[in-house]
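Enquirer: One file: work.txt (compact mmCIF, N, CA and C atoms).
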# COMPACT_ATOMS: atom_id res chain seq x y z
N GLN A 1 62.12 -127.39 -103.84
CA GLN A 1 60.96 -127.98 -104.53
C GLN A 1 61.15 -127.88 -106.03
N VAL A 2 60.72 -128.92 -106.72
CA VAL A 2 60.81 -128.96 -108.18
C VAL A 2 59.39 -128.96 -108.75
N GLN A 3 59.17 -128.15 -109.75
CA GLN A 3 57.84 -128.06 -110.36
C GLN A 3 57.92 -128.28 -111.86
N PRO A 4 57.39 -129.41 -112.34
CA PRO A 4 57.28 -129.60 -113.79
C PRO A 4 56.01 -128.93 -114.30
N VAL A 5 56.11 -128.29 -115.44
CA VAL A 5 54.96 -127.63 -116.05
C VAL A 5 54.84 -128.07 -117.51
N GLU A 6 53.69 -128.67 -117.82
CA GLU A 6 53.45 -129.14 -119.18
C GLU A 6 52.79 -128.06 -120.02
N SER A 7 52.98 -128.17 -121.33
CA SER A 7 52.30 -127.30 -122.28
C SER A 7 52.21 -128.03 -123.61
N GLY A 8 51.37 -127.50 -124.49
CA GLY A 8 51.29 -128.03 -125.85
C GLY A 8 50.06 -128.87 -126.14
N GLY A 9 49.24 -129.13 -125.12
CA GLY A 9 48.03 -129.89 -125.38
C GLY A 9 47.00 -129.08 -126.15
N GLY A 10 45.93 -129.75 -126.54
CA GLY A 10 44.88 -129.06 -127.27
C GLY A 10 43.98 -130.02 -128.00
N LEU A 11 43.20 -129.46 -128.90
CA LEU A 11 42.26 -130.23 -129.71
C LEU A 11 42.84 -130.42 -131.10
N VAL A 12 42.84 -131.64 -131.57
CA VAL A 12 43.39 -131.94 -132.90
C VAL A 12 42.53 -133.01 -133.55
N GLN A 13 42.46 -132.99 -134.87
CA GLN A 13 41.72 -134.00 -135.59
C GLN A 13 42.52 -135.29 -135.68
N ALA A 14 41.83 -136.38 -135.83
CA ALA A 14 42.49 -137.66 -136.01
C ALA A 14 43.46 -137.59 -137.19
N GLY A 15 44.63 -138.18 -136.99
CA GLY A 15 45.67 -138.12 -138.01
C GLY A 15 46.63 -136.96 -137.83
N GLY A 16 46.27 -136.03 -136.97
CA GLY A 16 47.11 -134.86 -136.75
C GLY A 16 48.24 -135.12 -135.77
N SER A 17 48.98 -134.05 -135.48
CA SER A 17 50.14 -134.15 -134.60
C SER A 17 50.10 -133.07 -133.53
N LEU A 18 50.73 -133.37 -132.43
CA LEU A 18 50.94 -132.40 -131.36
C LEU A 18 52.31 -132.64 -130.75
N ARG A 19 52.89 -131.59 -130.21
CA ARG A 19 54.16 -131.71 -129.49
C ARG A 19 53.98 -131.15 -128.10
N LEU A 20 54.15 -132.00 -127.12
CA LEU A 20 54.05 -131.59 -125.73
C LEU A 20 55.44 -131.25 -125.19
N SER A 21 55.46 -130.29 -124.28
CA SER A 21 56.70 -129.91 -123.61
C SER A 21 56.47 -129.93 -122.11
N CYS A 22 57.52 -130.21 -121.37
CA CYS A 22 57.47 -130.15 -119.92
C CYS A 22 58.78 -129.58 -119.42
N VAL A 23 58.69 -128.45 -118.75
CA VAL A 23 59.87 -127.78 -118.20
C VAL A 23 59.89 -127.94 -116.70
N ALA A 24 61.02 -128.38 -116.18
CA ALA A 24 61.18 -128.53 -114.74
C ALA A 24 61.93 -127.33 -114.20
N SER A 25 61.37 -126.69 -113.16
CA SER A 25 62.01 -125.54 -112.56
C SER A 25 62.13 -125.76 -111.06
N GLY A 26 62.93 -124.90 -110.42
CA GLY A 26 63.12 -125.01 -108.98
C GLY A 26 64.58 -125.29 -108.66
N SER A 27 64.80 -125.78 -107.46
CA SER A 27 66.16 -126.08 -106.99
C SER A 27 66.55 -127.48 -107.47
N ILE A 28 67.11 -127.53 -108.64
CA ILE A 28 67.44 -128.80 -109.28
C ILE A 28 68.94 -129.02 -109.28
N PHE A 29 69.36 -130.15 -108.73
CA PHE A 29 70.76 -130.50 -108.73
C PHE A 29 71.06 -131.57 -109.77
N ILE A 30 70.11 -132.46 -109.94
CA ILE A 30 70.30 -133.54 -110.90
C ILE A 30 68.93 -134.00 -111.38
N ILE A 31 68.84 -134.31 -112.67
CA ILE A 31 67.64 -134.90 -113.25
C ILE A 31 68.03 -136.23 -113.88
N ARG A 32 67.32 -137.25 -113.53
CA ARG A 32 67.55 -138.55 -114.16
C ARG A 32 66.43 -138.84 -115.14
N ASP A 33 65.55 -139.74 -114.84
CA ASP A 33 64.50 -140.08 -115.79
C ASP A 33 63.49 -138.94 -115.96
N MET A 34 63.02 -138.79 -117.19
CA MET A 34 61.93 -137.87 -117.50
C MET A 34 60.92 -138.67 -118.32
N GLY A 35 59.67 -138.54 -117.95
CA GLY A 35 58.70 -139.40 -118.63
C GLY A 35 57.35 -138.75 -118.84
N TRP A 36 56.58 -139.37 -119.70
CA TRP A 36 55.21 -138.94 -119.97
C TRP A 36 54.26 -140.09 -119.63
N TYR A 37 53.16 -139.72 -119.02
CA TYR A 37 52.10 -140.66 -118.68
C TYR A 37 50.79 -140.03 -119.14
N ARG A 38 49.76 -140.85 -119.24
CA ARG A 38 48.47 -140.30 -119.61
C ARG A 38 47.36 -141.01 -118.86
N GLN A 39 46.26 -140.29 -118.70
CA GLN A 39 45.10 -140.86 -118.03
C GLN A 39 43.84 -140.45 -118.78
N ALA A 40 43.15 -141.43 -119.31
CA ALA A 40 41.89 -141.20 -120.00
C ALA A 40 40.76 -141.30 -118.98
N PRO A 41 39.62 -140.70 -119.28
CA PRO A 41 38.49 -140.75 -118.35
C PRO A 41 38.10 -142.18 -118.00
N GLY A 42 38.00 -142.44 -116.71
CA GLY A 42 37.60 -143.77 -116.25
C GLY A 42 38.67 -144.82 -116.31
N LYS A 43 39.90 -144.41 -116.65
CA LYS A 43 40.99 -145.38 -116.76
C LYS A 43 42.13 -145.00 -115.83
N GLN A 44 43.02 -145.96 -115.59
CA GLN A 44 44.18 -145.71 -114.76
C GLN A 44 45.23 -144.95 -115.56
N ARG A 45 46.07 -144.25 -114.84
CA ARG A 45 47.20 -143.57 -115.48
C ARG A 45 48.16 -144.63 -116.01
N GLU A 46 48.66 -144.38 -117.23
CA GLU A 46 49.54 -145.36 -117.86
C GLU A 46 50.79 -144.69 -118.42
N LEU A 47 51.84 -145.47 -118.51
CA LEU A 47 53.08 -144.99 -119.07
C LEU A 47 52.93 -144.77 -120.57
N VAL A 48 53.44 -143.64 -121.03
CA VAL A 48 53.53 -143.38 -122.47
C VAL A 48 54.96 -143.63 -122.93
N ALA A 49 55.90 -142.91 -122.31
CA ALA A 49 57.30 -143.04 -122.70
C ALA A 49 58.17 -142.47 -121.59
N VAL A 50 59.40 -142.95 -121.52
CA VAL A 50 60.36 -142.44 -120.55
C VAL A 50 61.72 -142.37 -121.22
N ILE A 51 62.52 -141.39 -120.78
CA ILE A 51 63.86 -141.23 -121.32
C ILE A 51 64.82 -141.01 -120.17
N SER A 52 65.92 -141.73 -120.20
CA SER A 52 66.92 -141.61 -119.13
C SER A 52 67.84 -140.43 -119.39
N SER A 53 68.69 -140.15 -118.42
CA SER A 53 69.63 -139.03 -118.57
C SER A 53 70.63 -139.29 -119.69
N SER A 54 70.85 -140.53 -120.04
CA SER A 54 71.78 -140.87 -121.13
C SER A 54 71.07 -140.97 -122.47
N GLY A 55 69.75 -140.81 -122.47
CA GLY A 55 69.01 -140.81 -123.72
C GLY A 55 68.34 -142.12 -124.07
N THR A 56 68.46 -143.10 -123.21
CA THR A 56 67.77 -144.37 -123.45
C THR A 56 66.26 -144.17 -123.30
N THR A 57 65.52 -144.69 -124.26
CA THR A 57 64.08 -144.49 -124.27
C THR A 57 63.32 -145.81 -124.12
N ASP A 58 62.12 -145.68 -123.61
CA ASP A 58 61.22 -146.83 -123.49
C ASP A 58 59.82 -146.33 -123.74
N TYR A 59 59.04 -147.11 -124.48
CA TYR A 59 57.70 -146.71 -124.86
C TYR A 59 56.68 -147.79 -124.51
N ALA A 60 55.45 -147.36 -124.32
CA ALA A 60 54.36 -148.31 -124.28
C ALA A 60 54.31 -148.99 -125.65
N ASN A 61 54.16 -150.30 -125.64
CA ASN A 61 54.23 -151.04 -126.90
C ASN A 61 53.24 -150.53 -127.94
N SER A 62 52.07 -150.15 -127.49
CA SER A 62 51.02 -149.73 -128.43
C SER A 62 51.31 -148.38 -129.08
N LEU A 63 52.29 -147.66 -128.55
CA LEU A 63 52.56 -146.31 -129.06
C LEU A 63 53.85 -146.21 -129.86
N LYS A 64 54.61 -147.29 -129.88
CA LYS A 64 55.87 -147.26 -130.63
C LYS A 64 55.60 -146.95 -132.10
N GLY A 65 56.40 -146.05 -132.63
CA GLY A 65 56.26 -145.69 -134.03
C GLY A 65 55.44 -144.44 -134.27
N ARG A 66 54.59 -144.08 -133.31
CA ARG A 66 53.79 -142.86 -133.46
C ARG A 66 54.27 -141.75 -132.54
N PHE A 67 54.75 -142.11 -131.36
CA PHE A 67 55.17 -141.11 -130.38
C PHE A 67 56.70 -141.16 -130.24
N THR A 68 57.30 -139.99 -130.03
CA THR A 68 58.74 -139.90 -129.83
C THR A 68 59.03 -138.99 -128.64
N ILE A 69 59.80 -139.51 -127.69
CA ILE A 69 60.19 -138.71 -126.54
C ILE A 69 61.62 -138.23 -126.75
N SER A 70 61.89 -137.02 -126.30
CA SER A 70 63.24 -136.47 -126.37
C SER A 70 63.41 -135.49 -125.20
N ARG A 71 64.64 -135.07 -124.98
CA ARG A 71 64.89 -134.15 -123.87
C ARG A 71 66.01 -133.20 -124.23
N ASP A 72 65.97 -132.04 -123.57
CA ASP A 72 67.03 -131.05 -123.67
C ASP A 72 67.54 -130.82 -122.25
N ASN A 73 68.67 -131.42 -121.94
CA ASN A 73 69.17 -131.35 -120.57
C ASN A 73 69.53 -129.93 -120.15
N ALA A 74 69.99 -129.14 -121.09
CA ALA A 74 70.37 -127.77 -120.76
C ALA A 74 69.15 -126.93 -120.36
N LYS A 75 67.98 -127.34 -120.83
CA LYS A 75 66.75 -126.59 -120.54
C LYS A 75 65.86 -127.31 -119.54
N ASN A 76 66.32 -128.43 -119.00
CA ASN A 76 65.49 -129.23 -118.07
C ASN A 76 64.12 -129.51 -118.67
N THR A 77 64.09 -129.86 -119.93
CA THR A 77 62.85 -129.99 -120.66
C THR A 77 62.76 -131.36 -121.33
N VAL A 78 61.56 -131.92 -121.28
CA VAL A 78 61.28 -133.17 -122.00
C VAL A 78 60.13 -132.90 -122.96
N TYR A 79 60.21 -133.53 -124.13
CA TYR A 79 59.22 -133.34 -125.18
C TYR A 79 58.56 -134.67 -125.52
N LEU A 80 57.36 -134.56 -126.06
CA LEU A 80 56.68 -135.73 -126.60
C LEU A 80 56.06 -135.33 -127.94
N GLN A 81 56.63 -135.85 -128.99
CA GLN A 81 56.07 -135.63 -130.32
C GLN A 81 55.07 -136.74 -130.60
N MET A 82 53.84 -136.36 -130.88
CA MET A 82 52.77 -137.33 -131.11
C MET A 82 52.25 -137.17 -132.53
N ASN A 83 52.38 -138.20 -133.32
CA ASN A 83 51.94 -138.19 -134.71
C ASN A 83 50.82 -139.20 -134.93
N SER A 84 50.12 -139.03 -136.03
CA SER A 84 49.03 -139.96 -136.40
C SER A 84 48.09 -140.19 -135.21
N LEU A 85 47.68 -139.11 -134.60
CA LEU A 85 46.87 -139.22 -133.40
C LEU A 85 45.51 -139.85 -133.69
N LYS A 86 45.04 -140.59 -132.69
CA LYS A 86 43.77 -141.31 -132.80
C LYS A 86 42.85 -140.84 -131.67
N PRO A 87 41.55 -140.99 -131.85
CA PRO A 87 40.62 -140.59 -130.77
C PRO A 87 40.95 -141.28 -129.44
N GLU A 88 41.46 -142.49 -129.49
CA GLU A 88 41.78 -143.19 -128.24
C GLU A 88 43.02 -142.62 -127.54
N ASP A 89 43.71 -141.69 -128.17
CA ASP A 89 44.82 -141.00 -127.52
C ASP A 89 44.33 -139.86 -126.63
N THR A 90 43.04 -139.58 -126.67
CA THR A 90 42.47 -138.53 -125.84
C THR A 90 42.68 -138.84 -124.37
N ALA A 91 43.30 -137.90 -123.65
CA ALA A 91 43.63 -138.11 -122.25
C ALA A 91 44.28 -136.84 -121.71
N VAL A 92 44.46 -136.83 -120.40
CA VAL A 92 45.32 -135.83 -119.78
C VAL A 92 46.72 -136.43 -119.75
N TYR A 93 47.67 -135.66 -120.27
CA TYR A 93 49.05 -136.12 -120.33
C TYR A 93 49.86 -135.43 -119.23
N TYR A 94 50.57 -136.25 -118.46
CA TYR A 94 51.35 -135.76 -117.34
C TYR A 94 52.83 -136.06 -117.58
N CYS A 95 53.68 -135.15 -117.18
CA CYS A 95 55.09 -135.50 -117.16
C CYS A 95 55.51 -135.80 -115.73
N ARG A 96 56.48 -136.66 -115.61
CA ARG A 96 57.05 -137.01 -114.32
C ARG A 96 58.56 -136.89 -114.43
N ILE A 97 59.12 -136.15 -113.50
CA ILE A 97 60.55 -135.86 -113.51
C ILE A 97 61.20 -136.48 -112.28
N GLN A 98 62.28 -137.20 -112.50
CA GLN A 98 63.07 -137.70 -111.38
C GLN A 98 64.19 -136.70 -111.14
N ALA A 99 63.98 -135.84 -110.15
CA ALA A 99 64.94 -134.78 -109.85
C ALA A 99 65.37 -134.87 -108.40
N ASN A 100 66.65 -134.70 -108.19
CA ASN A 100 67.18 -134.73 -106.82
C ASN A 100 66.76 -136.02 -106.09
N PHE A 101 66.69 -137.11 -106.85
CA PHE A 101 66.39 -138.45 -106.32
C PHE A 101 64.96 -138.60 -105.83
N MET A 102 64.08 -137.69 -106.29
CA MET A 102 62.66 -137.78 -105.99
C MET A 102 61.87 -137.62 -107.29
N TYR A 103 60.61 -138.06 -107.25
CA TYR A 103 59.75 -137.94 -108.42
C TYR A 103 58.77 -136.79 -108.23
N TYR A 104 58.59 -136.02 -109.29
CA TYR A 104 57.67 -134.90 -109.28
C TYR A 104 56.76 -134.99 -110.50
N TRP A 105 55.47 -134.71 -110.26
CA TRP A 105 54.48 -134.75 -111.33
C TRP A 105 54.05 -133.34 -111.70
N GLY A 106 53.79 -133.16 -112.99
CA GLY A 106 53.19 -131.92 -113.43
C GLY A 106 51.68 -131.97 -113.24
N GLN A 107 51.03 -130.86 -113.57
CA GLN A 107 49.57 -130.75 -113.40
C GLN A 107 48.80 -131.41 -114.53
N GLY A 108 49.47 -131.64 -115.63
CA GLY A 108 48.83 -132.30 -116.76
C GLY A 108 48.37 -131.32 -117.82
N THR A 109 48.28 -131.81 -119.04
CA THR A 109 47.77 -131.03 -120.16
C THR A 109 46.81 -131.91 -120.95
N GLN A 110 45.67 -131.33 -121.30
CA GLN A 110 44.63 -132.11 -121.97
C GLN A 110 44.92 -132.25 -123.46
N VAL A 111 44.82 -133.45 -123.95
CA VAL A 111 44.90 -133.72 -125.38
C VAL A 111 43.59 -134.36 -125.80
N THR A 112 42.93 -133.74 -126.77
CA THR A 112 41.66 -134.26 -127.27
C THR A 112 41.78 -134.47 -128.77
N VAL A 113 41.50 -135.68 -129.20
CA VAL A 113 41.59 -136.03 -130.62
C VAL A 113 40.18 -136.32 -131.12
N SER A 114 39.73 -135.52 -132.07
CA SER A 114 38.38 -135.69 -132.61
C SER A 114 38.41 -136.61 -133.83
N SER A 115 37.33 -137.32 -134.02
CA SER A 115 37.26 -138.27 -135.15
C SER A 115 36.65 -137.63 -136.38
Rewrite the coordinates I just gave you, this time as structure tokens.

Expert:
Amino acid sequence: QVQPVESGGGLVQAGGSLRLSCVASGSIFIIRDMGWYRQAPGKQRELVAVISSSGTTDYANSLKGRFTISRDNAKNTVYLQMNSLKPEDTAVYYCRIQANFMYYWGQGTQVTVSS
């Protein structure tokens, strides 16, 4: 079993920054895609960003330029640097790890941006 665990969420003022981390632990043989998703109250979960094992990245169009995804393969960790945060970025942020040819979700971390 693989367990991703997110950290780094919290309360921040508009214009501020946060860095989320997600560490995957367990019996891991291979990790391919690592990604971040978010779900705001009353809305569907949506893609934020994803990064492949080779470092190729993809972002939600509305977030390009403010958010940056990166990974440390040696640590089985994916990061999300979020800058110039806006109140509409308030959501629970989840990481999803493609490990051992299966997808695993973390429990989520709350990000709240005050105006």

Enquirer: List every protein, DNA or RNA residue that has at least one atom no more than 8 Å from (67.2, -127.1, -107.1) in the file's coordinates, counting only N, CA and C atoms, and write the result as JSON, numbers by chain.

Expert: {"A": [1, 2, 25, 26, 27, 28, 29, 30, 100]}

Enquirer: Env of A:Tyr104: 12 Å cut, atoms = only C-alpha atoms, seq-sep filter 6 positions within chain, self excluded. Answer as a ChimeraX atom specification.

Expert: /A:1-5,22-26,28,31-36,94-98

Enquirer: Considering only C-alpha atoms, state which residue in the set A:Gly65, A:Gly8, A:Gly15, A:Pro41 is at the smallest distance from A:Thr109.

Expert: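 Closest to A:Thr109, using only C-alpha atoms: A:Gly8.
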
Enquirer: Among chain A, which ones does DSSP assign to helix (DSSP H, G or I) (computed from the backbone)? Answer as a list in words.

Expert: Asn61, Ser62, Leu63, Asn73, Ala74, Lys75, Pro87, Glu88 and Asp89 of chain A

Enquirer: Restricting the calculation to all atoms listed in the file, which member of A:Ser54, A:Ser114, A:Gln44, A:Ser17 is positioned closest to A:Thr90?

Expert: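 Smallest distance to A:Thr90 is found for A:Ser114.
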
Enquirer: Grab the atom N of A:Leu20 to atom C of A:Thr57 distance for me, in Å with one decimal place.

Expert: 16.8 Å

Enquirer: Rounded to one decimal in Å, what is the spacing between atom CA of A:Gln13 and atom N of A:Glu88?

Expert: 10.5 Å

Enquirer: Using atom C of A:Gly9 and atom C of A:Thr112 as the two end points, give the distance in Å to one decimal.

Expert: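 Separation of atom C of A:Gly9 and atom C of A:Thr112: 7.9 Å.
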
Enquirer: With distances taken over only C-alpha atoms, which of A:Val48, A:Ala99, A:Ala91, A:Ala74 is nearest to A:Ser62?

Expert: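 Going through A:Val48, A:Ala99, A:Ala91, A:Ala74 one by one, the smallest distance to A:Ser62 is for A:Val48.
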
Enquirer: Counting only N, CA and C atoms, what is within 8 Å of A:Arg71, bar same-chain residues fewer than 5 positions away, as a ChimeraX atom specification?

Expert: /A:34,51,55,76-80

Enquirer: Mind checking DSSP for stretch 43-89 of chain A and telling me the strand (DSSP E or B) residues as a list of chain:residue names?

Expert: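 Filtering stretch 43-89 of chain A down to strand (DSSP E or B) leaves A:Glu46, A:Leu47, A:Val48, A:Ala49, A:Val50, A:Ile51, A:Thr57, A:Asp58, A:Tyr59, A:Lys64, A:Phe67, A:Thr68, A:Ile69, A:Ser70, A:Arg71, A:Asp72, A:Thr77, A:Val78, A:Tyr79, A:Leu80, A:Gln81, A:Met82.
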
Enquirer: Pick out the closest residue to A:Asp89 from this set: A:Leu18, A:Ala49, A:Leu11, A:Ala40. Count only C-alpha atoms.

Expert: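 Checking each candidate against A:Asp89, we get A:Ala40 as the closest.
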
Enquirer: For A:Tyr93, which residue among A:Ser115, A:Tyr37, A:Arg66, A:Leu47 is the nearest when counting all atoms listed in the file?

Expert: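 Among A:Ser115, A:Tyr37, A:Arg66, A:Leu47, it is A:Tyr37 that comes nearest to A:Tyr93.
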
Enquirer: Which residue, A:Val12, A:Val92, A:Leu85, A:Ile69, has the smallest gap to A:Gln110 when you use all atoms listed in the file?

Expert: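 Closest to A:Gln110 of all the choices is A:Val92.
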